[in-house]
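The next block is run_17.cif, given as mmCIF, C-alpha atoms.
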data_upload
#
loop_
_atom_site.label_atom_id
_atom_site.label_comp_id
_atom_site.auth_asym_id
_atom_site.auth_seq_id
_atom_site.Cartn_x
_atom_site.Cartn_y
_atom_site.Cartn_z
CA MET A 162 -8.12 -13.93 -107.96
CA ILE A 163 -11.47 -12.20 -108.47
CA PRO A 164 -12.70 -12.68 -112.04
CA GLU A 165 -12.89 -9.45 -114.00
CA LEU A 166 -15.52 -8.36 -116.47
CA PRO A 167 -16.83 -9.36 -118.95
CA PHE A 168 -18.86 -11.32 -116.44
CA GLU A 169 -22.54 -10.56 -116.22
CA PRO A 170 -22.95 -8.33 -113.13
CA VAL A 171 -25.68 -9.20 -110.66
CA GLY A 172 -26.19 -5.76 -109.18
CA GLU A 173 -27.20 -4.26 -105.87
CA SER A 174 -30.82 -3.11 -105.48
CA ASP A 175 -32.39 -5.95 -107.45
CA ALA A 176 -29.62 -8.47 -106.79
CA ARG A 177 -31.78 -10.98 -104.95
CA ALA A 178 -34.54 -10.88 -107.58
CA LYS A 179 -32.05 -11.43 -110.38
CA LEU A 180 -30.43 -14.22 -108.42
CA MET A 181 -33.70 -16.03 -107.81
CA GLY A 182 -34.49 -15.78 -111.51
CA GLU A 183 -31.05 -17.16 -112.36
CA LEU A 184 -31.45 -20.05 -109.90
CA ALA A 185 -34.91 -20.88 -111.21
CA SER A 186 -33.80 -20.94 -114.84
CA ASP A 187 -30.93 -23.40 -114.52
CA ASP A 188 -28.77 -25.24 -112.00
CA TYR A 189 -25.51 -24.44 -113.81
CA HIS A 190 -24.12 -20.91 -113.60
CA ALA A 191 -20.92 -19.78 -115.30
CA GLY A 192 -19.06 -16.49 -115.49
CA LEU A 193 -21.32 -14.52 -113.15
CA ARG A 194 -20.33 -11.78 -110.72
CA PHE A 195 -22.53 -11.52 -107.62
CA GLU A 196 -22.19 -8.34 -105.54
CA GLY A 197 -23.85 -7.59 -102.21
CA VAL A 198 -26.17 -10.58 -102.39
CA ASP A 199 -27.59 -12.26 -99.28
CA PHE A 200 -27.88 -15.93 -100.23
CA SER A 201 -29.26 -16.89 -96.81
CA GLY A 202 -32.49 -18.86 -97.06
CA LEU A 203 -32.12 -19.65 -100.76
CA ALA A 204 -32.23 -23.20 -102.10
CA LEU A 205 -28.85 -23.84 -103.69
CA ALA A 206 -28.56 -27.62 -103.34
CA ASP A 207 -27.28 -29.36 -106.47
CA HIS A 208 -26.37 -26.10 -108.22
CA THR A 209 -22.96 -25.57 -109.81
CA PHE A 210 -21.07 -22.27 -110.05
CA GLU A 211 -18.06 -22.12 -112.35
CA ASP A 212 -15.75 -19.15 -112.91
CA CYS A 213 -18.00 -17.02 -110.69
CA ALA A 214 -17.09 -14.18 -108.33
CA PHE A 215 -18.89 -13.44 -105.06
CA LEU A 216 -18.18 -9.98 -103.62
CA SER A 217 -19.56 -8.80 -100.27
CA CYS A 218 -22.06 -11.66 -100.23
CA ARG A 219 -23.58 -13.34 -97.19
CA PHE A 220 -24.23 -17.03 -96.56
CA LYS A 221 -25.70 -17.74 -93.12
CA GLU A 222 -26.98 -21.08 -91.81
CA LEU A 223 -27.38 -22.18 -95.40
CA SER A 224 -27.26 -25.68 -96.85
CA LEU A 225 -24.78 -25.95 -99.69
CA ALA A 226 -25.31 -29.69 -100.03
CA ARG A 227 -23.89 -31.00 -103.32
CA VAL A 228 -23.21 -27.46 -104.54
CA GLY A 229 -20.22 -27.19 -106.85
CA PHE A 230 -17.88 -24.20 -106.74
CA ILE A 231 -15.28 -24.55 -109.49
CA SER A 232 -12.65 -21.88 -110.13
CA CYS A 233 -14.62 -19.39 -108.02
CA ALA A 234 -13.57 -16.47 -105.82
CA PHE A 235 -15.12 -15.06 -102.64
CA GLU A 236 -14.06 -11.60 -101.47
CA ASN A 237 -15.38 -9.73 -98.40
CA CYS A 238 -17.95 -12.47 -97.90
CA GLU A 239 -19.44 -14.02 -94.76
CA LEU A 240 -20.03 -17.77 -94.49
CA VAL A 241 -21.53 -18.55 -91.09
CA LEU A 242 -22.63 -22.06 -90.07
CA VAL A 243 -23.06 -23.17 -93.67
CA LYS A 244 -23.48 -26.89 -94.35
CA LEU A 245 -21.09 -28.32 -96.93
CA GLU A 246 -22.36 -31.88 -97.24
CA ASN A 247 -20.69 -33.26 -100.38
CA ALA A 248 -20.06 -29.74 -101.67
CA THR A 249 -17.22 -29.27 -104.16
CA LEU A 250 -14.59 -26.58 -103.55
CA ASN A 251 -12.31 -27.01 -106.54
CA THR A 252 -9.82 -24.15 -106.90
CA VAL A 253 -11.76 -21.72 -104.74
CA ASP A 254 -10.13 -18.56 -103.38
CA PHE A 255 -11.40 -16.92 -100.19
CA ARG A 256 -10.11 -13.38 -99.68
CA LYS A 257 -10.83 -10.94 -96.87
CA SER A 258 -13.72 -13.19 -95.87
CA LYS A 259 -15.17 -14.41 -92.59
CA LEU A 260 -15.86 -18.15 -92.20
CA VAL A 261 -17.38 -19.22 -88.89
CA GLY A 262 -18.35 -22.73 -87.81
CA VAL A 263 -17.62 -24.25 -91.21
CA ASN A 264 -16.94 -28.00 -91.30
CA PHE A 265 -14.81 -28.57 -94.39
CA SER A 266 -14.57 -32.29 -93.69
CA ASP A 267 -18.09 -32.65 -95.12
CA CYS A 268 -16.88 -31.50 -98.55
CA ASN A 269 -16.41 -33.72 -101.54
CA LYS A 270 -12.82 -34.93 -101.20
CA PHE A 271 -12.31 -35.01 -104.99
CA GLY A 272 -10.72 -31.83 -106.28
CA PHE A 273 -10.81 -30.17 -102.85
CA LEU A 274 -8.58 -27.12 -103.26
CA PRO A 275 -9.45 -23.98 -101.28
CA ALA A 276 -7.06 -21.10 -100.56
CA PHE A 277 -7.38 -18.41 -97.88
CA ASP A 278 -5.90 -14.91 -97.98
CA ASP A 279 -6.49 -12.34 -95.24
CA CYS A 280 -9.45 -14.31 -93.88
CA LEU A 281 -10.92 -15.08 -90.47
CA LEU A 282 -11.56 -18.77 -89.86
CA GLU A 283 -13.29 -19.30 -86.52
CA SER A 284 -14.19 -22.79 -85.24
CA ALA A 285 -13.44 -24.35 -88.62
CA VAL A 286 -12.94 -28.11 -88.94
CA PHE A 287 -10.62 -29.88 -91.36
CA PHE A 288 -10.87 -33.63 -90.70
CA ALA A 289 -9.13 -36.00 -93.13
CA ASN A 290 -9.00 -33.26 -95.77
CA CYS A 291 -6.25 -33.27 -98.36
CA LEU A 292 -4.71 -29.80 -98.09
CA LYS A 293 -1.43 -30.50 -99.85
CA LYS A 294 0.16 -27.19 -100.92
CA ALA A 295 -2.78 -25.29 -99.40
CA ARG A 296 -2.25 -21.61 -98.72
CA PHE A 297 -3.40 -19.89 -95.53
CA ILE A 298 -1.94 -16.39 -95.97
CA LYS A 299 -2.22 -13.52 -93.47
CA SER A 300 -5.28 -15.14 -91.94
CA SER A 301 -6.56 -15.53 -88.40
CA ILE A 302 -7.36 -19.20 -87.78
CA ARG A 303 -8.90 -19.34 -84.31
CA ASN A 304 -10.16 -22.26 -82.24
CA SER A 305 -10.13 -24.52 -85.28
CA ASP A 306 -9.22 -28.18 -85.76
CA PHE A 307 -6.92 -29.88 -88.25
CA ILE A 308 -7.33 -33.60 -87.61
CA GLU A 309 -5.72 -36.34 -89.72
CA ALA A 310 -5.29 -33.74 -92.46
CA ASP A 311 -2.70 -33.94 -95.21
CA LEU A 312 -0.92 -30.59 -95.01
CA ARG A 313 2.25 -31.48 -96.88
CA ASP A 314 3.87 -28.36 -98.36
CA ALA A 315 1.12 -26.13 -96.93
CA CYS A 316 1.99 -22.50 -96.26
CA PHE A 317 0.80 -20.45 -93.27
CA ASP A 318 2.67 -17.19 -93.98
CA GLY A 319 1.57 -14.37 -91.71
CA SER A 320 -1.24 -16.38 -90.14
CA SER A 321 -2.25 -16.60 -86.49
CA LEU A 322 -3.27 -20.03 -85.19
CA GLU A 323 -4.51 -19.13 -81.72
CA GLY A 324 -6.37 -22.00 -80.05
CA THR A 325 -6.07 -24.17 -83.15
CA THR A 326 -5.35 -27.89 -82.81
CA PHE A 327 -3.24 -30.08 -85.06
CA GLN A 328 -3.79 -33.78 -84.39
CA LYS A 329 -2.32 -36.68 -86.37
CA CYS A 330 -1.62 -34.40 -89.35
CA ASN A 331 1.00 -34.85 -92.02
CA LEU A 332 2.93 -31.58 -91.91
CA GLU A 333 5.90 -32.63 -94.02
CA ARG A 334 7.59 -29.56 -95.52
CA ALA A 335 4.78 -27.32 -94.24
CA ASP A 336 5.96 -23.74 -93.77
CA PHE A 337 5.23 -22.12 -90.40
CA ARG A 338 8.19 -19.71 -90.43
CA GLU A 339 5.99 -16.62 -90.61
CA ALA A 340 3.09 -18.09 -88.60
CA PHE A 341 2.50 -17.35 -84.94
CA ASP A 342 0.40 -18.33 -81.90
CA TYR A 343 0.55 -21.99 -82.95
CA SER A 344 0.78 -24.96 -80.61
CA ILE A 345 1.75 -28.19 -82.36
CA ASP A 346 2.56 -31.43 -80.56
CA PRO A 347 5.62 -32.90 -82.35
CA ALA A 348 4.81 -36.36 -80.97
CA ASN A 349 1.31 -36.32 -82.45
CA ASN A 350 2.02 -34.96 -85.94
CA ARG A 351 4.45 -35.76 -88.74
CA LEU A 352 6.88 -32.85 -88.97
CA VAL A 353 9.62 -34.16 -91.27
CA HIS A 354 11.27 -31.15 -92.95
CA ALA A 355 8.53 -28.82 -91.69
CA ARG A 356 9.86 -25.28 -91.35
CA PHE A 357 9.64 -23.20 -88.17
CA LYS A 358 11.37 -20.16 -86.74
CA LEU A 359 12.25 -19.01 -83.24
CA PRO A 360 10.90 -17.73 -80.94
CA GLU A 361 7.54 -19.19 -81.98
CA ALA A 362 9.01 -22.71 -82.23
CA GLN A 363 9.63 -22.66 -78.48
CA SER A 364 5.99 -23.72 -78.14
CA PHE A 365 7.21 -27.29 -78.79
CA LEU A 366 9.03 -27.34 -75.46
CA GLY A 367 5.82 -27.47 -73.44
CA PHE A 368 4.87 -30.74 -75.13
CA LEU A 369 8.32 -32.15 -74.34
CA GLY A 370 8.18 -31.23 -70.65
CA ILE A 371 11.06 -28.78 -71.02
CA GLU A 372 11.23 -25.39 -69.34
CA LEU A 373 13.59 -22.57 -70.27
CA ASP A 374 14.59 -19.77 -67.90
#
Give the structure from this file in structure tokens form.
Amino acid sequence: MIPELPFEPVGESDARAKLMGELASDDYHAGLRFEGVDFSGLALADHTFEDCAFLSCRFKELSLARVGFISCAFENCELVLVKLENATLNTVDFRKSKLVGVNFSDCNKFGFLPAFDDCLLESAVFFANCLKKARFIKSSIRNSDFIEADLRDACFDGSSLEGTTFQKCNLERADFREAFDYSIDPANNRLVHARFKLPEAQSFLGFLGIELD
């Protein structure tokens, strides 16, 4: 959910100047609403954002090392090739956003809790991430990798998983009934009580060497 006012707006024409002043004054930022800001090239390492909203903002080839995002929301944002070394994503909602080449396995594992709604995730990596009860709703997850991830009770309603790999993941009780374009090897993932629906579930047959006419 995008935080509503009263949050101090960081507006359009002078957004970058206000932002640089805010970053220079402190490394902790709470209750701010950033709109139309291009964060690319800014030094954000070791800063913490809590209860902040980012609307139509851009983050490209940016280091977010040790940055904390706590109870934050991103809407209509672009995150392209950002570096998340030891970054904290604790209760962070991404909505209608584009995330390309993001390696979430570099994040701080403590409190890792992102959610995705109507997003594009392209070439994303989730390696050994705890994504229990994670929500990937109406999103396009393309050419991405879930490796040794804990996806128990995760929900993929309305999401496309074209070209995405699941390897050695715990998918217990995960819900793929409304997902499509997935290809999951049942011999290489834990699928106890995971939920699927035909005809999409026929993709399992290729891994089992079975052909249907």
What gap, in Å, lies between atom CA of A:Asp254 and atom CA of A:Leu274?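 The value is 8.7 Å.
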Who sits within 6 Å of stretch 305-313 of chain A, all atoms listed in the file, same chain under 4 positions skipped, as an MDAnalysis selection string: chainID A and resid 284:293 325:335
Return as a ChimeraX atom specification the set of residues that the PyMOL selection byres ((chain A and resi 201) around 10) yields on the displayed structure. /A:198-200,202-205,218-224,240-241,243
Just say which residues the PyMOL selection byres ((chain A and resi 337) around 9) picks in this file, as a PDB file with C-alpha atoms, in the frame of the given file.
ATOM      1  CA  ALA A 315       1.120 -26.130 -96.930  1.00  0.00           C
ATOM      2  CA  CYS A 316       1.990 -22.500 -96.260  1.00  0.00           C
ATOM      3  CA  PHE A 317       0.800 -20.450 -93.270  1.00  0.00           C
ATOM      4  CA  ASP A 318       2.670 -17.190 -93.980  1.00  0.00           C
ATOM      5  CA  GLY A 319       1.570 -14.370 -91.710  1.00  0.00           C
ATOM      6  CA  SER A 320      -1.240 -16.380 -90.140  1.00  0.00           C
ATOM      7  CA  ALA A 335       4.780 -27.320 -94.240  1.00  0.00           C
ATOM      8  CA  ASP A 336       5.960 -23.740 -93.770  1.00  0.00           C
ATOM      9  CA  ARG A 338       8.190 -19.710 -90.430  1.00  0.00           C
ATOM     10  CA  GLU A 339       5.990 -16.620 -90.610  1.00  0.00           C
ATOM     11  CA  ALA A 340       3.090 -18.090 -88.600  1.00  0.00           C
ATOM     12  CA  PHE A 341       2.500 -17.350 -84.940  1.00  0.00           C
ATOM     13  CA  TYR A 343       0.550 -21.990 -82.950  1.00  0.00           C
ATOM     14  CA  ALA A 355       8.530 -28.820 -91.690  1.00  0.00           C
ATOM     15  CA  ARG A 356       9.860 -25.280 -91.350  1.00  0.00           C
ATOM     16  CA  PHE A 357       9.640 -23.200 -88.170  1.00  0.00           C
ATOM     17  CA  LYS A 358      11.370 -20.160 -86.740  1.00  0.00           C
TER      18      LYS A 358
END
As an exercise, work out the distance from atom CA of A:Asp187 to atom CA of A:His208 in Å and give it to one decimal place. 8.2 Å
Interatomic distance, atom CA of A:Ala348 to atom CA of A:Lys299 (Å, one decimal): 27.0 Å
Working from the structure I just supplied, which lacks atoms in stretch 264-289 of chain A, can you model N, CA, C and O atoms there and output them as a CSV table (one decimal), in the coordinates of the input?
chain,number,residue,atom,x,y,z
A,264,ASN,N,-17.6,-26.7,-91.4
A,264,ASN,CA,-16.9,-28.0,-91.3
A,264,ASN,C,-16.5,-28.4,-92.7
A,264,ASN,O,-17.4,-28.9,-93.5
A,265,PHE,N,-15.3,-28.2,-93.0
A,265,PHE,CA,-14.8,-28.6,-94.4
A,265,PHE,C,-14.7,-30.1,-94.6
A,265,PHE,O,-14.5,-30.5,-95.7
A,266,SER,N,-14.7,-30.8,-93.5
A,266,SER,CA,-14.6,-32.3,-93.7
A,266,SER,C,-15.8,-32.9,-94.4
A,266,SER,O,-15.7,-34.0,-94.9
A,267,ASP,N,-16.9,-32.2,-94.4
A,267,ASP,CA,-18.1,-32.6,-95.1
A,267,ASP,C,-18.0,-32.5,-96.6
A,267,ASP,O,-18.9,-33.0,-97.4
A,268,CYS,N,-17.0,-31.8,-97.1
A,268,CYS,CA,-16.9,-31.5,-98.6
A,268,CYS,C,-16.5,-32.8,-99.3
A,268,CYS,O,-16.0,-33.7,-98.8
A,269,ASN,N,-16.9,-32.7,-100.6
A,269,ASN,CA,-16.4,-33.7,-101.5
A,269,ASN,C,-14.9,-33.7,-101.5
A,269,ASN,O,-14.3,-32.7,-101.8
A,270,LYS,N,-14.3,-34.9,-101.3
A,270,LYS,CA,-12.8,-34.9,-101.2
A,270,LYS,C,-12.2,-34.8,-102.6
A,270,LYS,O,-11.0,-34.4,-102.7
A,271,PHE,N,-12.9,-35.1,-103.7
A,271,PHE,CA,-12.3,-35.0,-105.0
A,271,PHE,C,-12.2,-33.6,-105.4
A,271,PHE,O,-13.1,-32.8,-105.4
A,272,GLY,N,-10.9,-33.2,-105.8
A,272,GLY,CA,-10.7,-31.8,-106.3
A,272,GLY,C,-10.8,-30.8,-105.2
A,272,GLY,O,-10.8,-29.6,-105.5
A,273,PHE,N,-10.7,-31.1,-103.9
A,273,PHE,CA,-10.8,-30.2,-102.8
A,273,PHE,C,-9.6,-29.3,-102.9
A,273,PHE,O,-8.5,-29.7,-102.6
A,274,LEU,N,-9.7,-28.0,-103.2
A,274,LEU,CA,-8.6,-27.1,-103.3
A,274,LEU,C,-9.0,-25.7,-102.9
A,274,LEU,O,-9.1,-24.8,-103.8
A,275,PRO,N,-9.2,-25.4,-101.7
A,275,PRO,CA,-9.4,-24.0,-101.3
A,275,PRO,C,-8.1,-23.2,-100.9
A,275,PRO,O,-7.1,-23.9,-100.6
A,276,ALA,N,-8.2,-21.9,-101.0
A,276,ALA,CA,-7.1,-21.1,-100.6
A,276,ALA,C,-7.6,-19.9,-99.8
A,276,ALA,O,-8.7,-19.4,-100.1
A,277,PHE,N,-6.9,-19.5,-98.8
A,277,PHE,CA,-7.4,-18.4,-97.9
A,277,PHE,C,-6.3,-17.3,-97.8
A,277,PHE,O,-5.2,-17.5,-97.5
A,278,ASP,N,-6.8,-16.1,-98.0
A,278,ASP,CA,-5.9,-14.9,-98.0
A,278,ASP,C,-6.6,-13.8,-97.2
A,278,ASP,O,-7.7,-13.3,-97.6
A,279,ASP,N,-6.0,-13.4,-96.1
A,279,ASP,CA,-6.5,-12.3,-95.2
A,279,ASP,C,-7.9,-12.6,-94.8
A,279,ASP,O,-8.8,-11.8,-94.8
A,280,CYS,N,-8.1,-13.9,-94.3
A,280,CYS,CA,-9.4,-14.3,-93.9
A,280,CYS,C,-9.5,-14.6,-92.4
A,280,CYS,O,-8.4,-14.7,-91.7
A,281,LEU,N,-10.7,-14.6,-91.8
A,281,LEU,CA,-10.9,-15.1,-90.5
A,281,LEU,C,-11.6,-16.4,-90.6
A,281,LEU,O,-12.7,-16.6,-91.2
A,282,LEU,N,-10.9,-17.5,-90.0
A,282,LEU,CA,-11.6,-18.8,-89.9
A,282,LEU,C,-11.7,-19.0,-88.4
A,282,LEU,O,-10.7,-19.2,-87.6
A,283,GLU,N,-13.0,-19.1,-87.9
A,283,GLU,CA,-13.3,-19.3,-86.5
A,283,GLU,C,-14.1,-20.6,-86.4
A,283,GLU,O,-15.1,-20.8,-87.0
A,284,SER,N,-13.5,-21.5,-85.5
A,284,SER,CA,-14.2,-22.8,-85.2
A,284,SER,C,-14.4,-23.6,-86.5
A,284,SER,O,-15.4,-24.2,-86.7
A,285,ALA,N,-13.4,-23.6,-87.4
A,285,ALA,CA,-13.4,-24.4,-88.6
A,285,ALA,C,-12.9,-25.8,-88.3
A,285,ALA,O,-12.1,-26.0,-87.4
A,286,VAL,N,-13.4,-26.7,-89.1
A,286,VAL,CA,-12.9,-28.1,-88.9
A,286,VAL,C,-12.4,-28.6,-90.3
A,286,VAL,O,-13.1,-28.6,-91.3
A,287,PHE,N,-11.2,-29.2,-90.2
A,287,PHE,CA,-10.6,-29.9,-91.4
A,287,PHE,C,-10.3,-31.3,-90.9
A,287,PHE,O,-9.2,-31.5,-90.2
A,288,PHE,N,-11.1,-32.2,-91.1
A,288,PHE,CA,-10.9,-33.6,-90.7
A,288,PHE,C,-10.7,-34.5,-91.9
A,288,PHE,O,-11.5,-34.6,-92.8
A,289,ALA,N,-9.5,-35.1,-92.0
A,289,ALA,CA,-9.1,-36.0,-93.1
A,289,ALA,C,-9.2,-35.3,-94.5
A,289,ALA,O,-9.4,-36.0,-95.5
